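Shown next, in structure tokens, is the structure this report addresses.
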Amino acid sequence: MSVVLMLALTGCIPPGQDYGPPDAGQPQTAYDPPPGRDDPQDDYGRRPIDADVPAPPAAPPAWVAQPVTPDARTIPNSTYVVRSDDTLRGVAERVGASAEIIADANGLTAPFTLRPGQRLTIPGGRYHLIRPGESGIAIARAYGVKWADIVAANDLAEPYVLRSGRRILIPGGTPPQTLAERAAAFKIDLGDIATGGGEPAIPEGGRAPRAASVVRKPLPPTVPIATPGPFNGAFVWPVSTGNVVKRFGAGDSGERNDGIKIAVPLGTPIKASADGVVIYTATNVPGLGGLVMVKHGDGWTSVYGHASRILVQRGQAVKRGQSLGLSGATGFADRPELHFELRKGRVPVDPLSELPRR
């Protein structure tokens, strides 16, 4: 079944709460285990991460916490004559367009050197100025367009990082008039999150903090997640037992399943299929109930649905075989089972083609 996520507020952040690590200036948000240790514990080494304790309530996702005002500037196609002190970024700011799109339209490559008198083609269109904390999904929602179309229009690629202070081209679409209309009209799918649409914009020159093995407090939606390094291993089965009861692709009824469903006893540990970073968790996703998504690098993302309990949270680094949660019958599950997906970019891949034979 092609699963579509409906926007919902998953929780609220208490005002004024301290989310940072105890050592100011340190990028990690929790204790990292010594090299070679496979059983990461809490910051005092007292409790294994797989303990039967649910993760703290998740903060609302960035697209809920930081709504976007659709105030894009529309400019016509034009030509700009370069001045002696111009830079590409400065030209983009002056004309109200995207520096990346201007570079592409004029065949410019890094370091984007301009010469006085050079004539630059400025592609017209609607350009949105990205503010701090805004996410791709929130921008798409504000303008009534698909995040996938924004990705294509701006030629974004892995890791799909947005930078505050830059402009992004908004293709087509007519923005709904009110916030309520936008919320009612807009839906996202798992591919939006898998392609970075849920991550808040990073300041120019800034970097996302390094993921930690244990996250003591909910990660604020304004804090981006560091992209995992290159994927250098094979996937393993997310549960040690169970039978595949629904395969990838279209079923007899015509419904498409973007993953596989594995029947397992209630409360079976759900294991990470490969090393990665948790990019999204939720307990009430329509159709899938309890959900965890893990980014693995090189465009790979794994998805785990129907969980009865979630033991990890956004921004947490996980190892292959580490428990992410416990199986359940949440969402539209027919029985206690696990919905498992693998995606390359936003495209679902048959997990059985990537998992070892049993």
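Residues are named by chain letter and number: chains run A, B, ... in the order of the structure tokens, numbers start at 1 in each chain, and ligands are numbered from 1 in the order shown.
Residues surrounding Arg94 in chain A within 12 Å are A:Ile75, A:Tyr80, A:Val81, A:Val82, A:Arg83, A:Asp86, A:Thr87, A:Leu88, A:Arg89, A:Ala99, A:Ile122, A:Arg167 [only C-alpha atoms; sequence separation below 5 positions excluded].
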Could you save the residues just selected, with all heavy atoms, as a tab-separated table (two decimals), in the first residue's frame?
```
chain	number	residue	atom	x	y	z
A	75	ILE	N	9.93	37.33	-10.26
A	75	ILE	CA	10.73	38.21	-11.13
A	75	ILE	C	10.63	37.71	-12.58
A	75	ILE	O	10.41	36.53	-12.82
A	75	ILE	CB	12.20	38.25	-10.69
A	75	ILE	CG1	12.84	36.87	-10.84
A	75	ILE	CG2	12.32	38.74	-9.25
A	75	ILE	CD1	14.35	36.86	-10.60
A	80	TYR	N	21.58	40.49	-16.63
A	80	TYR	CA	22.31	41.33	-15.67
A	80	TYR	C	23.74	41.51	-16.15
A	80	TYR	O	24.40	40.53	-16.52
A	80	TYR	CB	22.29	40.69	-14.28
A	80	TYR	CG	23.03	41.50	-13.23
A	80	TYR	CD1	22.38	42.49	-12.51
A	80	TYR	CD2	24.38	41.26	-12.97
A	80	TYR	CE1	23.05	43.24	-11.55
A	80	TYR	CE2	25.06	42.00	-12.02
A	80	TYR	CZ	24.38	42.98	-11.31
A	80	TYR	OH	25.06	43.73	-10.37
A	81	VAL	N	24.24	42.75	-16.14
A	81	VAL	CA	25.61	43.04	-16.52
A	81	VAL	C	26.46	43.14	-15.26
A	81	VAL	O	26.19	43.96	-14.37
A	81	VAL	CB	25.70	44.35	-17.33
A	81	VAL	CG1	27.16	44.63	-17.71
A	81	VAL	CG2	24.83	44.26	-18.57
A	82	VAL	N	27.48	42.30	-15.18
A	82	VAL	CA	28.30	42.19	-13.98
A	82	VAL	C	29.12	43.46	-13.75
A	82	VAL	O	29.72	44.00	-14.68
A	82	VAL	CB	29.24	40.97	-14.08
A	82	VAL	CG1	30.19	40.89	-12.88
A	82	VAL	CG2	28.42	39.68	-14.21
A	83	ARG	N	29.16	43.91	-12.49
A	83	ARG	CA	29.97	45.05	-12.09
A	83	ARG	C	31.30	44.56	-11.51
A	83	ARG	O	31.47	43.37	-11.23
A	83	ARG	CB	29.22	45.87	-11.04
A	83	ARG	CG	27.83	46.32	-11.49
A	83	ARG	CD	27.07	46.95	-10.34
A	83	ARG	NE	25.69	47.26	-10.71
A	83	ARG	CZ	24.79	47.76	-9.86
A	83	ARG	NH1	25.14	48.00	-8.60
A	83	ARG	NH2	23.54	48.01	-10.26
A	86	ASP	N	31.10	42.59	-8.11
A	86	ASP	CA	30.01	41.62	-7.96
A	86	ASP	C	30.52	40.22	-7.61
A	86	ASP	O	31.58	39.79	-8.07
A	86	ASP	CB	29.20	41.53	-9.26
A	86	ASP	CG	28.10	42.58	-9.34
A	86	ASP	OD1	27.68	43.08	-8.27
A	86	ASP	OD2	27.69	42.91	-10.47
A	87	THR	N	29.73	39.52	-6.81
A	87	THR	CA	29.87	38.08	-6.59
A	87	THR	C	28.57	37.42	-7.02
A	87	THR	O	27.53	38.10	-7.13
A	87	THR	CB	30.12	37.76	-5.11
A	87	THR	OG1	28.97	38.16	-4.34
A	87	THR	CG2	31.37	38.47	-4.59
A	88	LEU	N	28.61	36.14	-7.26
A	88	LEU	CA	27.40	35.44	-7.68
A	88	LEU	C	26.31	35.57	-6.62
A	88	LEU	O	25.15	35.85	-6.95
A	88	LEU	CB	27.70	33.97	-7.95
A	88	LEU	CG	26.50	33.11	-8.38
A	88	LEU	CD1	25.91	33.62	-9.68
A	88	LEU	CD2	26.90	31.64	-8.50
A	89	ARG	N	26.68	35.39	-5.35
A	89	ARG	CA	25.69	35.49	-4.29
A	89	ARG	C	25.14	36.91	-4.20
A	89	ARG	O	23.94	37.11	-3.98
A	89	ARG	CB	26.33	35.08	-2.96
A	89	ARG	CG	25.35	34.83	-1.83
A	89	ARG	CD	24.51	33.60	-2.03
A	89	ARG	NE	25.27	32.38	-2.12
A	89	ARG	CZ	24.78	31.22	-2.50
A	89	ARG	NH1	23.49	31.14	-2.83
A	89	ARG	NH2	25.52	30.14	-2.56
A	99	ALA	N	21.09	31.88	-6.49
A	99	ALA	CA	22.45	31.87	-7.03
A	99	ALA	C	22.74	30.57	-7.76
A	99	ALA	O	23.40	30.56	-8.81
A	99	ALA	CB	23.46	32.07	-5.89
A	122	ILE	N	19.24	35.78	-16.19
A	122	ILE	CA	18.54	35.61	-14.91
A	122	ILE	C	17.19	34.93	-15.20
A	122	ILE	O	16.27	35.55	-15.75
A	122	ILE	CB	18.30	36.96	-14.21
A	122	ILE	CG1	19.60	37.75	-14.09
A	122	ILE	CG2	17.66	36.72	-12.85
A	122	ILE	CD1	20.68	37.09	-13.29
A	167	ARG	N	17.78	31.72	-1.72
A	167	ARG	CA	16.46	31.66	-2.33
A	167	ARG	C	16.30	30.34	-3.08
A	167	ARG	O	17.26	29.79	-3.59
A	167	ARG	CB	16.24	32.84	-3.27
A	167	ARG	CG	15.97	34.14	-2.53
A	167	ARG	CD	15.71	35.30	-3.49
A	167	ARG	NE	15.20	36.47	-2.78
A	167	ARG	CZ	15.96	37.32	-2.10
A	167	ARG	NH1	17.28	37.15	-2.06
A	167	ARG	NH2	15.41	38.35	-1.48
```
| request: Would you list the contacts of Leu342 in chain A as a ChimeraX atom specification, taking every protein, DNA or RNA residue within 12 Å and counting only C-alpha atoms, but skipping same-chain residues closer than 3 positions in sequence? | output: /A:190-191,194,235-238,248,257-260,272-274,293-296,299-305,339,345-355
How would you write, as a tab-separated table (two decimals) with all heavy atoms, in the first residue's frame, the set of residues in range 58-218 of chain A that DSSP gives as strand (DSSP E or B)?
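As a result, out-v7.tsv now contains:
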```tsv
chain	number	residue	atom	x	y	z
A	73	ARG	N	9.05	36.19	-4.03
A	73	ARG	CA	9.15	37.31	-4.96
A	73	ARG	C	9.15	36.78	-6.38
A	73	ARG	O	9.94	35.89	-6.71
A	73	ARG	CB	10.44	38.09	-4.68
A	73	ARG	CG	10.71	39.23	-5.64
A	73	ARG	CD	12.02	39.92	-5.27
A	73	ARG	NE	12.41	40.92	-6.25
A	73	ARG	CZ	13.55	41.61	-6.18
A	73	ARG	NH1	14.39	41.41	-5.17
A	73	ARG	NH2	13.85	42.51	-7.12
A	74	THR	N	8.27	37.29	-7.21
A	74	THR	CA	8.21	36.86	-8.61
A	74	THR	C	8.98	37.85	-9.47
A	74	THR	O	8.73	39.07	-9.40
A	74	THR	CB	6.75	36.77	-9.10
A	74	THR	OG1	6.04	35.82	-8.29
A	74	THR	CG2	6.70	36.32	-10.55
A	75	ILE	N	9.93	37.33	-10.26
A	75	ILE	CA	10.73	38.21	-11.13
A	75	ILE	C	10.63	37.71	-12.58
A	75	ILE	O	10.41	36.53	-12.82
A	75	ILE	CB	12.20	38.25	-10.69
A	75	ILE	CG1	12.84	36.87	-10.84
A	75	ILE	CG2	12.32	38.74	-9.25
A	75	ILE	CD1	14.35	36.86	-10.60
A	78	SER	N	15.44	38.07	-17.30
A	78	SER	CA	16.18	39.30	-17.55
A	78	SER	C	17.65	38.99	-17.78
A	78	SER	O	18.09	37.84	-17.71
A	78	SER	CB	16.03	40.26	-16.36
A	78	SER	OG	16.57	39.69	-15.19
A	79	THR	N	18.41	40.04	-18.05
A	79	THR	CA	19.85	39.95	-18.22
A	79	THR	C	20.51	40.92	-17.26
A	79	THR	O	20.05	42.06	-17.09
A	79	THR	CB	20.27	40.28	-19.66
A	79	THR	OG1	19.64	39.36	-20.55
A	79	THR	CG2	21.78	40.18	-19.83
A	80	TYR	N	21.58	40.49	-16.63
A	80	TYR	CA	22.31	41.33	-15.67
A	80	TYR	C	23.74	41.51	-16.15
A	80	TYR	O	24.40	40.53	-16.52
A	80	TYR	CB	22.29	40.69	-14.28
A	80	TYR	CG	23.03	41.50	-13.23
A	80	TYR	CD1	22.38	42.49	-12.51
A	80	TYR	CD2	24.38	41.26	-12.97
A	80	TYR	CE1	23.05	43.24	-11.55
A	80	TYR	CE2	25.06	42.00	-12.02
A	80	TYR	CZ	24.38	42.98	-11.31
A	80	TYR	OH	25.06	43.73	-10.37
A	81	VAL	N	24.24	42.75	-16.14
A	81	VAL	CA	25.61	43.04	-16.52
A	81	VAL	C	26.46	43.14	-15.26
A	81	VAL	O	26.19	43.96	-14.37
A	81	VAL	CB	25.70	44.35	-17.33
A	81	VAL	CG1	27.16	44.63	-17.71
A	81	VAL	CG2	24.83	44.26	-18.57
A	119	ARG	N	27.62	39.30	-19.15
A	119	ARG	CA	26.16	39.34	-19.16
A	119	ARG	C	25.62	38.01	-18.65
A	119	ARG	O	25.92	36.96	-19.22
A	119	ARG	CB	25.64	39.64	-20.57
A	119	ARG	CG	26.14	40.98	-21.12
A	119	ARG	CD	25.64	41.21	-22.55
A	119	ARG	NE	24.20	41.48	-22.59
A	119	ARG	CZ	23.67	42.69	-22.39
A	119	ARG	NH1	24.45	43.73	-22.12
A	119	ARG	NH2	22.38	42.87	-22.46
A	120	LEU	N	24.83	38.07	-17.59
A	120	LEU	CA	24.26	36.88	-16.98
A	120	LEU	C	22.77	36.77	-17.30
A	120	LEU	O	22.03	37.76	-17.18
A	120	LEU	CB	24.44	36.91	-15.46
A	120	LEU	CG	25.87	36.89	-14.91
A	120	LEU	CD1	25.83	36.99	-13.39
A	120	LEU	CD2	26.61	35.63	-15.36
A	121	THR	N	22.34	35.59	-17.69
A	121	THR	CA	20.92	35.32	-17.88
A	121	THR	C	20.30	35.06	-16.51
A	121	THR	O	20.80	34.23	-15.74
A	121	THR	CB	20.71	34.09	-18.78
A	121	THR	OG1	21.24	34.38	-20.08
A	121	THR	CG2	19.24	33.74	-18.88
A	122	ILE	N	19.24	35.78	-16.19
A	122	ILE	CA	18.54	35.61	-14.91
A	122	ILE	C	17.19	34.93	-15.20
A	122	ILE	O	16.27	35.55	-15.75
A	122	ILE	CB	18.30	36.96	-14.21
A	122	ILE	CG1	19.60	37.75	-14.09
A	122	ILE	CG2	17.66	36.72	-12.85
A	122	ILE	CD1	20.68	37.09	-13.29
A	125	GLY	N	10.85	33.68	-12.34
A	125	GLY	CA	10.08	32.73	-11.57
A	125	GLY	C	9.79	33.24	-10.18
A	125	GLY	O	10.10	34.39	-9.84
A	126	ARG	N	9.17	32.38	-9.35
A	126	ARG	CA	8.89	32.72	-7.96
A	126	ARG	C	10.03	32.21	-7.10
A	126	ARG	O	10.33	31.01	-7.09
A	126	ARG	CB	7.59	32.08	-7.48
A	126	ARG	CG	6.33	32.64	-8.12
A	126	ARG	CD	5.10	32.05	-7.44
A	126	ARG	NE	5.05	30.59	-7.53
A	126	ARG	CZ	4.21	29.81	-6.85
A	126	ARG	NH1	3.37	30.37	-5.97
A	126	ARG	NH2	4.20	28.51	-7.01
A	127	TYR	N	10.66	33.11	-6.36
A	127	TYR	CA	11.79	32.72	-5.51
A	127	TYR	C	11.47	33.00	-4.05
A	127	TYR	O	11.18	34.13	-3.67
A	127	TYR	CB	13.05	33.48	-5.93
A	127	TYR	CG	13.59	33.04	-7.27
A	127	TYR	CD1	13.22	33.69	-8.45
A	127	TYR	CD2	14.48	31.97	-7.37
A	127	TYR	CE1	13.72	33.28	-9.67
A	127	TYR	CE2	14.98	31.55	-8.59
A	127	TYR	CZ	14.59	32.22	-9.74
A	127	TYR	OH	15.09	31.81	-10.97
A	128	HIS	N	11.54	31.95	-3.25
A	128	HIS	CA	11.26	32.06	-1.81
A	128	HIS	C	12.57	32.23	-1.05
A	128	HIS	O	13.53	31.47	-1.25
A	128	HIS	CB	10.52	30.81	-1.32
A	128	HIS	CG	10.34	30.78	0.17
A	128	HIS	ND1	9.33	31.48	0.80
A	128	HIS	CD2	11.05	30.15	1.15
A	128	HIS	CE1	9.41	31.27	2.11
A	128	HIS	NE2	10.45	30.47	2.34
A	129	LEU	N	12.62	33.21	-0.16
A	129	LEU	CA	13.77	33.41	0.71
A	129	LEU	C	13.66	32.46	1.90
A	129	LEU	O	12.69	32.53	2.67
A	129	LEU	CB	13.84	34.86	1.19
A	129	LEU	CG	14.97	35.20	2.16
A	129	LEU	CD1	16.33	35.02	1.49
A	129	LEU	CD2	14.81	36.62	2.69
A	135	SER	N	11.74	24.20	6.72
A	135	SER	CA	12.03	22.91	6.08
A	135	SER	C	11.42	22.86	4.68
A	135	SER	O	10.51	23.64	4.36
A	135	SER	CB	11.46	21.77	6.91
A	135	SER	OG	10.04	21.84	6.94
A	163	ARG	N	19.79	26.11	2.92
A	163	ARG	CA	20.56	27.10	3.68
A	163	ARG	C	19.72	28.35	3.87
A	163	ARG	O	19.19	28.90	2.90
A	163	ARG	CB	21.85	27.46	2.94
A	163	ARG	CG	22.79	26.29	2.72
A	163	ARG	CD	23.67	26.07	3.91
A	163	ARG	NE	24.58	24.94	3.71
A	163	ARG	CZ	25.43	24.50	4.64
A	163	ARG	NH1	25.50	25.12	5.81
A	163	ARG	NH2	26.21	23.47	4.39
A	164	SER	N	19.59	28.78	5.11
A	164	SER	CA	18.83	30.02	5.36
A	164	SER	C	19.57	31.19	4.74
A	164	SER	O	20.80	31.23	4.70
A	164	SER	CB	18.64	30.23	6.86
A	164	SER	OG	19.87	30.29	7.54
A	167	ARG	N	17.78	31.72	-1.72
A	167	ARG	CA	16.46	31.66	-2.33
A	167	ARG	C	16.30	30.34	-3.08
A	167	ARG	O	17.26	29.79	-3.59
A	167	ARG	CB	16.24	32.84	-3.27
A	167	ARG	CG	15.97	34.14	-2.53
A	167	ARG	CD	15.71	35.30	-3.49
A	167	ARG	NE	15.20	36.47	-2.78
A	167	ARG	CZ	15.96	37.32	-2.10
A	167	ARG	NH1	17.28	37.15	-2.06
A	167	ARG	NH2	15.41	38.35	-1.48
A	168	ILE	N	15.05	29.90	-3.15
A	168	ILE	CA	14.74	28.63	-3.80
A	168	ILE	C	13.57	28.87	-4.75
A	168	ILE	O	12.62	29.60	-4.44
A	168	ILE	CB	14.42	27.55	-2.74
A	168	ILE	CG1	14.41	26.15	-3.37
A	168	ILE	CG2	13.14	27.84	-2.01
A	168	ILE	CD1	14.38	25.05	-2.34
A	169	LEU	N	13.65	28.28	-5.94
A	169	LEU	CA	12.61	28.46	-6.96
A	169	LEU	C	11.39	27.62	-6.62
A	169	LEU	O	11.50	26.43	-6.33
A	169	LEU	CB	13.16	28.06	-8.33
A	169	LEU	CG	12.20	28.14	-9.52
A	169	LEU	CD1	11.76	29.59	-9.75
A	169	LEU	CD2	12.85	27.56	-10.77
A	170	ILE	N	10.22	28.25	-6.66
A	170	ILE	CA	8.95	27.56	-6.39
A	170	ILE	C	8.24	27.33	-7.71
A	170	ILE	O	7.80	28.28	-8.36
A	170	ILE	CB	8.05	28.39	-5.45
A	170	ILE	CG1	8.79	28.77	-4.17
A	170	ILE	CG2	6.78	27.61	-5.14
A	170	ILE	CD1	9.23	27.62	-3.31
A	187	LYS	N	-0.66	16.98	1.96
A	187	LYS	CA	-0.25	15.69	2.52
A	187	LYS	C	1.19	15.45	2.10
A	187	LYS	O	1.65	15.93	1.07
A	187	LYS	CB	-1.14	14.56	2.02
A	187	LYS	CG	-2.59	14.64	2.45
A	187	LYS	CD	-3.35	13.44	1.94
A	187	LYS	CE	-4.80	13.44	2.45
A	187	LYS	NZ	-5.58	14.54	1.87
A	188	ILE	N	1.91	14.68	2.91
A	188	ILE	CA	3.28	14.31	2.55
A	188	ILE	C	3.38	12.80	2.52
A	188	ILE	O	2.58	12.10	3.12
A	188	ILE	CB	4.31	14.89	3.54
A	188	ILE	CG1	4.05	14.36	4.95
A	188	ILE	CG2	4.30	16.40	3.53
A	188	ILE	CD1	5.13	14.73	5.94
A	189	ASP	N	4.38	12.31	1.79
A	189	ASP	CA	4.63	10.88	1.82
A	189	ASP	C	6.02	10.62	2.40
A	189	ASP	O	6.78	11.55	2.67
A	189	ASP	CB	4.45	10.25	0.43
A	189	ASP	CG	5.41	10.81	-0.61
A	189	ASP	OD1	6.53	11.21	-0.25
A	189	ASP	OD2	5.04	10.84	-1.79
A	200	PRO	N	15.29	21.13	9.00
A	200	PRO	CA	15.32	22.59	9.00
A	200	PRO	C	16.53	23.13	8.27
A	200	PRO	O	17.57	22.46	8.18
A	200	PRO	CB	15.39	22.94	10.50
A	200	PRO	CG	16.05	21.75	11.12
A	200	PRO	CD	15.57	20.57	10.33
A	202	ILE	N	19.87	25.07	7.37
A	202	ILE	CA	21.11	25.31	8.09
A	202	ILE	C	21.63	26.70	7.74
A	202	ILE	O	21.59	27.10	6.57
A	202	ILE	CB	22.16	24.25	7.72
A	202	ILE	CG1	21.65	22.85	8.07
A	202	ILE	CG2	23.49	24.52	8.42
A	202	ILE	CD1	22.58	21.74	7.64
A	203	PRO	N	22.12	27.47	8.72
A	203	PRO	CA	22.69	28.79	8.39
A	203	PRO	C	23.85	28.67	7.41
A	203	PRO	O	24.55	27.65	7.38
A	203	PRO	CB	23.16	29.32	9.75
A	203	PRO	CG	22.36	28.55	10.76
A	203	PRO	CD	22.12	27.20	10.15
A	212	ALA	N	24.50	11.37	18.03
A	212	ALA	CA	24.98	10.68	19.22
A	212	ALA	C	24.24	9.37	19.40
A	212	ALA	O	23.12	9.19	18.91
A	212	ALA	CB	24.79	11.57	20.45
```
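Neighbouring residues of Val278 in chain A at 8 Å or closer, counting only C-alpha atoms and skipping chain neighbours under 3 positions away, are A:Thr281, A:Val292, A:Met293, A:Val294, A:Lys295, A:Val312, A:Gln313, A:Arg314, A:Gly315, A:Gln316, A:Ala317, A:Val318.
For Ala208 in chain A, the residues within 9 Å (counting only C-alpha atoms, excluding itself and residues fewer than 3 positions away along the chain) are Pro27, Ile202, Ala211, Val223, Pro224, Ile225, Ala226 and Thr227 of chain A.
For Phe332 in chain A, the non-local neighbours within 10 Å, defined as residues at least 3 positions apart in the same chain or in other chains and counting only C-alpha atoms, are Val285, Pro286, Gly287, Leu288, Gly289, His306, Ala329 and Arg335 of chain A.
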Output file for the residues above (N, CA, C and O atoms, as a PDB file, in the first residue's frame):
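Final output, again16.pdb:
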```
ATOM      1  N   VAL A 285       0.995   7.529  12.816  1.00  0.00           N
ATOM      2  CA  VAL A 285       0.977   7.765  11.376  1.00  0.00           C
ATOM      3  C   VAL A 285      -0.194   7.005  10.758  1.00  0.00           C
ATOM      4  O   VAL A 285      -0.334   5.802  10.972  1.00  0.00           O
ATOM      5  N   PRO A 286      -1.049   7.677   9.991  1.00  0.00           N
ATOM      6  CA  PRO A 286      -2.173   6.980   9.373  1.00  0.00           C
ATOM      7  C   PRO A 286      -1.709   5.771   8.569  1.00  0.00           C
ATOM      8  O   PRO A 286      -0.828   5.881   7.721  1.00  0.00           O
ATOM      9  N   GLY A 287      -2.298   4.621   8.858  1.00  0.00           N
ATOM     10  CA  GLY A 287      -1.950   3.397   8.146  1.00  0.00           C
ATOM     11  C   GLY A 287      -0.814   2.625   8.770  1.00  0.00           C
ATOM     12  O   GLY A 287      -0.829   1.401   8.792  1.00  0.00           O
ATOM     13  N   LEU A 288       0.184   3.328   9.294  1.00  0.00           N
ATOM     14  CA  LEU A 288       1.385   2.654   9.795  1.00  0.00           C
ATOM     15  C   LEU A 288       1.553   2.734  11.307  1.00  0.00           C
ATOM     16  O   LEU A 288       2.429   2.077  11.860  1.00  0.00           O
ATOM     17  N   GLY A 289       0.759   3.529  11.992  1.00  0.00           N
ATOM     18  CA  GLY A 289       0.863   3.599  13.444  1.00  0.00           C
ATOM     19  C   GLY A 289       2.220   4.094  13.905  1.00  0.00           C
ATOM     20  O   GLY A 289       2.700   5.137  13.475  1.00  0.00           O
ATOM     21  N   HIS A 306       4.150   0.015  12.195  1.00  0.00           N
ATOM     22  CA  HIS A 306       3.283  -0.781  13.067  1.00  0.00           C
ATOM     23  C   HIS A 306       3.897  -1.027  14.439  1.00  0.00           C
ATOM     24  O   HIS A 306       3.495  -1.964  15.147  1.00  0.00           O
ATOM     25  N   ALA A 329       0.474  -3.914  16.478  1.00  0.00           N
ATOM     26  CA  ALA A 329      -0.604  -4.003  15.494  1.00  0.00           C
ATOM     27  C   ALA A 329      -1.205  -2.625  15.298  1.00  0.00           C
ATOM     28  O   ALA A 329      -2.404  -2.485  15.085  1.00  0.00           O
ATOM     29  N   ARG A 335      -2.546  -7.867  11.870  1.00  0.00           N
ATOM     30  CA  ARG A 335      -2.090  -8.715  12.962  1.00  0.00           C
ATOM     31  C   ARG A 335      -0.840  -8.058  13.541  1.00  0.00           C
ATOM     32  O   ARG A 335      -0.367  -7.088  12.958  1.00  0.00           O
TER      33      ARG A 335
END
```
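Among the candidates A:Asp155, A:Asp104, A:Asp85, A:Glu337, the one nearest to Val264 in chain A when counting only C-alpha atoms is A:Glu337.
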| request: Find the residue from A:Pro230, A:Pro336, A:Gly206, A:Gly165 that sits nearest to Leu266 in chain A; use only C-alpha atoms when measuring. | output: A:Pro336
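Between Ala72 in chain A and the residues A:Pro116, A:Gly96, A:Pro356, A:Gly144, the shortest atom-to-atom distance, using only C-alpha atoms, involves A:Gly96.
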| request: Please indicate the distance in Å from CA of Ala138 in chain A to CA of Asp192 in chain A, rounded to one decimal place. | output: 10.8 Å
| Any idea what's packed within 6 Å of Ser327 in chain A, counting only C-alpha atoms, ignoring anything in its chain fewer than 5 positions away? Could you give it as a list in words? | Leu266, Gly267, Thr268, Ala307 and Ser308 of chain A
Go ahead and dump the residues you just picked, N, CA, C and O atoms, as a CSV table (one decimal), in the first residue's frame.
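What ended up in again.csv:
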```csv
chain,number,residue,atom,x,y,z
A,266,LEU,N,3.7,-10.2,19.0
A,266,LEU,CA,3.6,-8.9,19.6
A,266,LEU,C,4.8,-8.7,20.5
A,266,LEU,O,5.2,-9.5,21.4
A,267,GLY,N,5.4,-7.5,20.4
A,267,GLY,CA,6.5,-7.1,21.3
A,267,GLY,C,7.9,-7.6,20.8
A,267,GLY,O,8.9,-7.5,21.5
A,268,THR,N,7.9,-8.1,19.6
A,268,THR,CA,9.2,-8.6,19.0
A,268,THR,C,10.1,-7.3,18.8
A,268,THR,O,9.7,-6.3,18.2
A,307,ALA,N,4.9,-0.2,14.9
A,307,ALA,CA,5.5,-0.4,16.2
A,307,ALA,C,4.5,-0.1,17.3
A,307,ALA,O,3.7,0.8,17.2
A,308,SER,N,4.6,-0.9,18.3
A,308,SER,CA,3.8,-0.6,19.5
A,308,SER,C,4.5,0.3,20.5
A,308,SER,O,3.9,0.9,21.4
```
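A straight line drawn from CA of Arg216 in chain A to CA of Trp63 in chain A is 22.8 Å long.
CA of Glu158 in chain A is positioned 26.6 Å from CA of Asp71 in chain A.
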